[in-house]
$ cat target_2.pdb   # PDB, C-alpha atoms
ATOM      1  CA  MET A   1       0.000   0.000   0.000
ATOM      2  CA  LYS A   2       2.827   2.327   0.751
ATOM      3  CA  LYS A   3       4.318   1.727  -2.714
ATOM      4  CA  SER A   4       1.052   2.534  -4.491
ATOM      5  CA  TYR A   5       0.704   5.730  -2.430
ATOM      6  CA  ILE A   6       4.240   6.869  -3.449
ATOM      7  CA  PHE A   7       3.547   5.885  -7.074
ATOM      8  CA  THR A   8       0.305   7.924  -7.078
ATOM      9  CA  VAL A   9       2.029  11.008  -5.616
ATOM     10  CA  ILE A  10       4.849  10.788  -8.186
ATOM     11  CA  ALA A  11       2.334  10.337 -11.046
ATOM     12  CA  LEU A  12       0.333  13.379  -9.887
ATOM     13  CA  ALA A  13       3.523  15.465  -9.556
ATOM     14  CA  VAL A  14       4.667  14.512 -13.065
ATOM     15  CA  ALA A  15       1.190  15.276 -14.453
ATOM     16  CA  PHE A  16       1.139  18.668 -12.684
ATOM     17  CA  ILE A  17       4.617  19.598 -13.970
ATOM     18  CA  GLY A  18       3.690  18.463 -17.485
ATOM     19  CA  LEU A  19       0.514  20.557 -17.388
ATOM     20  CA  GLN A  20       2.496  23.654 -16.279
ATOM     21  CA  ILE A  21       5.007  23.180 -19.087
ATOM     22  CA  PHE A  22       2.197  22.669 -21.615
ATOM     23  CA  LEU A  23       0.427  25.871 -20.515
ATOM     24  CA  ARG A  24       3.621  27.975 -20.693
ATOM     25  CA  THR A  25       4.702  26.731 -24.145
ATOM     26  CA  PRO A  26       3.150  28.728 -27.012
ATOM     27  CA  GLN A  27       1.020  26.611 -29.283
ATOM     28  CA  MET A  28       2.376  26.107 -32.791
ATOM     29  CA  PRO A  29      -0.174  26.812 -35.534
ATOM     30  CA  ASN A  30      -0.700  24.337 -38.339
ATOM     31  CA  GLU A  31       0.571  26.888 -40.908
ATOM     32  CA  PRO A  32       4.275  27.636 -41.225
ATOM     33  CA  VAL A  33       5.368  30.686 -39.210
ATOM     34  CA  SER A  34       6.257  33.697 -41.371
ATOM     35  CA  ARG A  35       8.893  36.113 -40.108
ATOM     36  CA  GLN A  36       6.948  39.335 -40.430
ATOM     37  CA  LYS A  37       7.851  42.478 -38.552
ATOM     38  CA  PRO A  38       5.358  43.606 -35.929
ATOM     39  CA  PRO A  39       3.044  46.470 -36.952
ATOM     40  CA  VAL A  40       4.281  50.024 -36.369
ATOM     41  CA  ALA A  41       2.124  52.805 -34.933
ATOM     42  CA  VAL A  42       1.554  55.653 -37.420
ATOM     43  CA  GLU A  43      -0.200  59.019 -37.333
ATOM     44  CA  VAL A  44      -2.523  59.928 -40.201
ATOM     45  CA  THR A  45      -3.101  63.575 -41.170
ATOM     46  CA  PRO A  46      -4.779  65.251 -44.140
ATOM     47  CA  VAL A  47      -2.622  66.183 -47.152
ATOM     48  CA  MET A  48      -1.371  69.802 -47.101
ATOM     49  CA  GLN A  49       0.736  71.834 -49.534
ATOM     50  CA  GLU A  50       3.678  73.545 -47.799
ATOM     51  CA  THR A  51       7.225  74.644 -48.528
ATOM     52  CA  ILE A  52       9.843  72.260 -47.201
ATOM     53  CA  LEU A  53      12.879  73.961 -45.731
ATOM     54  CA  GLU A  54      15.863  71.668 -45.409
ATOM     55  CA  ILE A  55      18.795  73.040 -43.453
ATOM     56  CA  GLY A  56      21.987  71.050 -42.951
ATOM     57  CA  THR A  57      25.201  71.680 -41.090
ATOM     58  CA  TYR A  58      28.283  70.251 -42.747
ATOM     59  CA  THR A  59      31.990  70.221 -42.075
ATOM     60  CA  GLY A  60      34.564  70.549 -44.808
ATOM     61  CA  THR A  61      37.074  72.693 -46.648
ATOM     62  CA  LEU A  62      36.219  75.207 -49.348
ATOM     63  CA  LEU A  63      38.741  75.961 -52.072
ATOM     64  CA  PRO A  64      38.663  79.222 -54.086
ATOM     65  CA  GLU A  65      38.485  79.342 -57.867
ATOM     66  CA  SER A  66      41.787  81.207 -57.862
ATOM     67  CA  GLN A  67      44.241  82.462 -55.267
ATOM     68  CA  PHE A  68      47.330  84.645 -55.356
ATOM     69  CA  ILE A  69      50.293  85.191 -53.079
ATOM     70  CA  VAL A  70      50.798  88.898 -52.418
ATOM     71  CA  ALA A  71      54.314  90.111 -51.593
ATOM     72  CA  PRO A  72      55.726  93.665 -51.518
ATOM     73  CA  LYS A  73      58.680  94.729 -53.706
ATOM     74  CA  ILE A  74      60.386  96.308 -50.670
ATOM     75  CA  SER A  75      60.469  95.308 -47.033
ATOM     76  CA  GLY A  76      58.808  97.350 -44.329
ATOM     77  CA  LYS A  77      56.226  97.467 -41.608
ATOM     78  CA  LEU A  78      52.523  97.431 -42.433
ATOM     79  CA  GLU A  79      50.769 100.650 -41.537
ATOM     80  CA  LYS A  80      47.275  99.675 -42.621
ATOM     81  CA  ILE A  81      45.569  96.657 -44.229
ATOM     82  CA  MET A  82      42.682  97.627 -46.498
ATOM     83  CA  VAL A  83      41.062  94.197 -47.093
ATOM     84  CA  ASP A  84      40.070  91.086 -45.180
ATOM     85  CA  ILE A  85      40.639  87.455 -46.068
ATOM     86  CA  GLY A  86      38.032  86.339 -48.578
ATOM     87  CA  ASP A  87      37.285  89.802 -50.003
ATOM     88  CA  GLU A  88      36.891  90.004 -53.769
ATOM     89  CA  LEU A  89      39.424  92.297 -55.438
ATOM     90  CA  GLU A  90      39.815  93.836 -58.846
ATOM     91  CA  ASN A  91      43.052  94.350 -60.720
ATOM     92  CA  GLY A  92      45.043  97.272 -59.274
ATOM     93  CA  SER A  93      43.181  97.418 -55.928
ATOM     94  CA  LEU A  94      45.089  98.811 -52.948
ATOM     95  CA  ILE A  95      45.348  96.089 -50.310
ATOM     96  CA  ALA A  96      47.889  97.460 -47.798
ATOM     97  CA  VAL A  97      49.888 100.581 -46.944
ATOM     98  CA  LEU A  98      53.518 100.281 -45.807
ATOM     99  CA  ASP A  99      55.078 102.575 -43.194
ATOM    100  CA  ASN A 100      57.311 104.917 -45.251
ATOM    101  CA  ASP A 101      59.077 106.927 -42.493
ATOM    102  CA  GLU A 102      62.378 105.086 -42.987
ATOM    103  CA  TYR A 103      62.344 105.653 -46.760
ATOM    104  CA  VAL A 104      61.484 109.358 -46.370
ATOM    105  CA  GLN A 105      64.549 109.767 -44.102
ATOM    106  CA  GLN A 106      66.766 108.004 -46.652
ATOM    107  CA  VAL A 107      65.552 110.357 -49.401
ATOM    108  CA  ASP A 108      66.236 113.370 -47.162
ATOM    109  CA  GLN A 109      69.754 112.120 -46.432
ATOM    110  CA  ALA A 110      70.397 111.545 -50.133
ATOM    111  CA  ARG A 111      69.329 115.151 -50.920
ATOM    112  CA  ALA A 112      71.551 116.599 -48.196
TER     113      ALA A 112
END
$ encode --input "target_2.pdb" --output "structure tokens"
Amino acid sequence: MKKSYIFTVIALAVAFIGLQIFLRTPQMPNEPVSRQKPPVAVEVTPVMQETILEIGTYTGTLLPESQFIVAPKISGKLEKIMVDIGDELENGSLIAVLDNDEYVQQVDQARA
């Protein structure tokens, strides 16, 4: 009698565990499972006509169409710079003024 009691308790425990596993396992449908993405929530609004403004910030280097190296014929100190980097210039434009005090003194000495 003791053996049948132990056998009954073990059988009930196995049946209970099997039932729990069966309830937790998702049921497989008869059709093959397709790998579709889940639906995505969307917002629907009426169609409107508007101007689209697209603004972007980019990093990079800009190269000019042409560039020139400017060098004076004589040495000296700059008194005044008339232009900034990137300014457009025309042929013959004044871009800087040199300090001429030293050259004026040399001319005066040559005259004396």
$ resolve_selection --input "target_2.pdb" --expression "the PyMOL selection byres ((chain A and resi 72-87) around 8)" --output "PyMOL selection string"
chain A and resi 70-71+88-89+94-100
$ axis_aligned_box --input "target_2.pdb" --around "range 49-61 of chain A" --padding-each-side "4 Å" --output "lines of an AutoDock Vina configuration file"
center_x = 18.9
center_y = 72.4
center_z = -45.3
size_x = 44.3
size_y = 12.4
size_z = 16.4
$ atom_distance --input "target_2.pdb" --atom1 "CA of Glu90 in chain A" --atom2 "CA of Glu65 in chain A"
14.6 Å
$ atom_distance --input "target_2.pdb" --atom1 "CA of Phe68 in chain A" --atom2 "CA of Asn91 in chain A"
11.9 Å
$ build_atoms --input "target_2.pdb" --residues "range 65-99 of chain A" --atoms "N, CA and C atoms" --output "PDB file, keeping the file's coordinate frame"
ATOM      1  N   GLU A  65      38.256  79.572 -56.448  1.00  0.00           N
ATOM      2  CA  GLU A  65      38.485  79.342 -57.867  1.00  0.00           C
ATOM      3  C   GLU A  65      39.917  79.737 -58.239  1.00  0.00           C
ATOM      4  N   SER A  66      40.399  80.793 -57.628  1.00  0.00           N
ATOM      5  CA  SER A  66      41.787  81.207 -57.862  1.00  0.00           C
ATOM      6  C   SER A  66      42.316  81.865 -56.593  1.00  0.00           C
ATOM      7  N   GLN A  67      43.629  81.804 -56.415  1.00  0.00           N
ATOM      8  CA  GLN A  67      44.241  82.462 -55.267  1.00  0.00           C
ATOM      9  C   GLN A  67      45.618  82.959 -55.685  1.00  0.00           C
ATOM     10  N   PHE A  68      46.062  84.016 -55.011  1.00  0.00           N
ATOM     11  CA  PHE A  68      47.330  84.645 -55.356  1.00  0.00           C
ATOM     12  C   PHE A  68      48.103  84.913 -54.083  1.00  0.00           C
ATOM     13  N   ILE A  69      49.418  84.829 -54.195  1.00  0.00           N
ATOM     14  CA  ILE A  69      50.293  85.191 -53.079  1.00  0.00           C
ATOM     15  C   ILE A  69      50.714  86.641 -53.311  1.00  0.00           C
ATOM     16  N   VAL A  70      50.477  87.471 -52.312  1.00  0.00           N
ATOM     17  CA  VAL A  70      50.798  88.898 -52.418  1.00  0.00           C
ATOM     18  C   VAL A  70      52.056  89.162 -51.617  1.00  0.00           C
ATOM     19  N   ALA A  71      53.062  89.783 -52.272  1.00  0.00           N
ATOM     20  CA  ALA A  71      54.314  90.111 -51.593  1.00  0.00           C
ATOM     21  C   ALA A  71      54.753  91.505 -52.044  1.00  0.00           C
ATOM     22  N   PRO A  72      55.282  92.320 -51.128  1.00  0.00           N
ATOM     23  CA  PRO A  72      55.726  93.665 -51.518  1.00  0.00           C
ATOM     24  C   PRO A  72      57.079  93.613 -52.231  1.00  0.00           C
ATOM     25  N   LYS A  73      57.387  94.639 -53.019  1.00  0.00           N
ATOM     26  CA  LYS A  73      58.680  94.729 -53.706  1.00  0.00           C
ATOM     27  C   LYS A  73      59.783  95.145 -52.741  1.00  0.00           C
ATOM     28  N   ILE A  74      59.414  95.881 -51.679  1.00  0.00           N
ATOM     29  CA  ILE A  74      60.386  96.308 -50.670  1.00  0.00           C
ATOM     30  C   ILE A  74      59.910  95.839 -49.300  1.00  0.00           C
ATOM     31  N   SER A  75      60.845  95.728 -48.385  1.00  0.00           N
ATOM     32  CA  SER A  75      60.469  95.308 -47.033  1.00  0.00           C
ATOM     33  C   SER A  75      60.032  96.522 -46.221  1.00  0.00           C
ATOM     34  N   GLY A  76      59.266  96.271 -45.188  1.00  0.00           N
ATOM     35  CA  GLY A  76      58.808  97.350 -44.329  1.00  0.00           C
ATOM     36  C   GLY A  76      57.688  96.878 -43.425  1.00  0.00           C
ATOM     37  N   LYS A  77      57.309  97.783 -42.532  1.00  0.00           N
ATOM     38  CA  LYS A  77      56.226  97.467 -41.608  1.00  0.00           C
ATOM     39  C   LYS A  77      54.895  97.884 -42.226  1.00  0.00           C
ATOM     40  N   LEU A  78      53.857  97.089 -41.947  1.00  0.00           N
ATOM     41  CA  LEU A  78      52.523  97.431 -42.433  1.00  0.00           C
ATOM     42  C   LEU A  78      51.939  98.548 -41.581  1.00  0.00           C
ATOM     43  N   GLU A  79      51.438  99.571 -42.238  1.00  0.00           N
ATOM     44  CA  GLU A  79      50.769 100.650 -41.537  1.00  0.00           C
ATOM     45  C   GLU A  79      49.267 100.389 -41.464  1.00  0.00           C
ATOM     46  N   LYS A  80      48.715  99.899 -42.572  1.00  0.00           N
ATOM     47  CA  LYS A  80      47.275  99.675 -42.621  1.00  0.00           C
ATOM     48  C   LYS A  80      46.969  98.580 -43.641  1.00  0.00           C
ATOM     49  N   ILE A  81      46.044  97.681 -43.295  1.00  0.00           N
ATOM     50  CA  ILE A  81      45.569  96.657 -44.229  1.00  0.00           C
ATOM     51  C   ILE A  81      44.162  97.066 -44.661  1.00  0.00           C
ATOM     52  N   MET A  82      43.937  97.115 -45.955  1.00  0.00           N
ATOM     53  CA  MET A  82      42.682  97.627 -46.498  1.00  0.00           C
ATOM     54  C   MET A  82      41.632  96.543 -46.762  1.00  0.00           C
ATOM     55  N   VAL A  83      41.995  95.284 -46.747  1.00  0.00           N
ATOM     56  CA  VAL A  83      41.062  94.197 -47.093  1.00  0.00           C
ATOM     57  C   VAL A  83      41.115  93.108 -46.031  1.00  0.00           C
ATOM     58  N   ASP A  84      40.107  92.254 -46.052  1.00  0.00           N
ATOM     59  CA  ASP A  84      40.070  91.086 -45.180  1.00  0.00           C
ATOM     60  C   ASP A  84      40.230  89.827 -46.019  1.00  0.00           C
ATOM     61  N   ILE A  85      40.529  88.740 -45.369  1.00  0.00           N
ATOM     62  CA  ILE A  85      40.639  87.455 -46.068  1.00  0.00           C
ATOM     63  C   ILE A  85      39.278  87.108 -46.652  1.00  0.00           C
ATOM     64  N   GLY A  86      39.270  86.731 -47.912  1.00  0.00           N
ATOM     65  CA  GLY A  86      38.032  86.339 -48.578  1.00  0.00           C
ATOM     66  C   GLY A  86      37.370  87.450 -49.358  1.00  0.00           C
ATOM     67  N   ASP A  87      37.862  88.694 -49.230  1.00  0.00           N
ATOM     68  CA  ASP A  87      37.285  89.802 -50.003  1.00  0.00           C
ATOM     69  C   ASP A  87      37.596  89.627 -51.482  1.00  0.00           C
ATOM     70  N   GLU A  88      36.658  90.026 -52.333  1.00  0.00           N
ATOM     71  CA  GLU A  88      36.891  90.004 -53.769  1.00  0.00           C
ATOM     72  C   GLU A  88      37.607  91.287 -54.172  1.00  0.00           C
ATOM     73  N   LEU A  89      38.622  91.147 -55.008  1.00  0.00           N
ATOM     74  CA  LEU A  89      39.424  92.297 -55.438  1.00  0.00           C
ATOM     75  C   LEU A  89      39.433  92.405 -56.940  1.00  0.00           C
ATOM     76  N   GLU A  90      39.646  93.609 -57.414  1.00  0.00           N
ATOM     77  CA  GLU A  90      39.815  93.836 -58.846  1.00  0.00           C
ATOM     78  C   GLU A  90      41.274  94.169 -59.106  1.00  0.00           C
ATOM     79  N   ASN A  91      41.670  94.078 -60.346  1.00  0.00           N
ATOM     80  CA  ASN A  91      43.052  94.350 -60.720  1.00  0.00           C
ATOM     81  C   ASN A  91      43.423  95.790 -60.344  1.00  0.00           C
ATOM     82  N   GLY A  92      44.564  95.952 -59.660  1.00  0.00           N
ATOM     83  CA  GLY A  92      45.043  97.272 -59.274  1.00  0.00           C
ATOM     84  C   GLY A  92      44.489  97.780 -57.953  1.00  0.00           C
ATOM     85  N   SER A  93      43.755  96.984 -57.207  1.00  0.00           N
ATOM     86  CA  SER A  93      43.181  97.418 -55.928  1.00  0.00           C
ATOM     87  C   SER A  93      44.277  97.561 -54.886  1.00  0.00           C
ATOM     88  N   LEU A  94      44.152  98.588 -54.042  1.00  0.00           N
ATOM     89  CA  LEU A  94      45.089  98.811 -52.948  1.00  0.00           C
ATOM     90  C   LEU A  94      44.708  97.877 -51.804  1.00  0.00           C
ATOM     91  N   ILE A  95      45.670  97.045 -51.368  1.00  0.00           N
ATOM     92  CA  ILE A  95      45.348  96.089 -50.310  1.00  0.00           C
ATOM     93  C   ILE A  95      46.047  96.405 -48.993  1.00  0.00           C
ATOM     94  N   ALA A  96      47.178  97.127 -49.034  1.00  0.00           N
ATOM     95  CA  ALA A  96      47.889  97.460 -47.798  1.00  0.00           C
ATOM     96  C   ALA A  96      48.724  98.711 -48.020  1.00  0.00           C
ATOM     97  N   VAL A  97      49.033  99.398 -46.918  1.00  0.00           N
ATOM     98  CA  VAL A  97      49.888 100.581 -46.944  1.00  0.00           C
ATOM     99  C   VAL A  97      51.078 100.297 -46.042  1.00  0.00           C
ATOM    100  N   LEU A  98      52.298 100.501 -46.591  1.00  0.00           N
ATOM    101  CA  LEU A  98      53.518 100.281 -45.807  1.00  0.00           C
ATOM    102  C   LEU A  98      53.920 101.571 -45.094  1.00  0.00           C
ATOM    103  N   ASP A  99      54.551 101.431 -43.940  1.00  0.00           N
ATOM    104  CA  ASP A  99      55.078 102.575 -43.194  1.00  0.00           C
ATOM    105  C   ASP A  99      56.281 103.106 -43.968  1.00  0.00           C
TER     106      ASP A  99
END
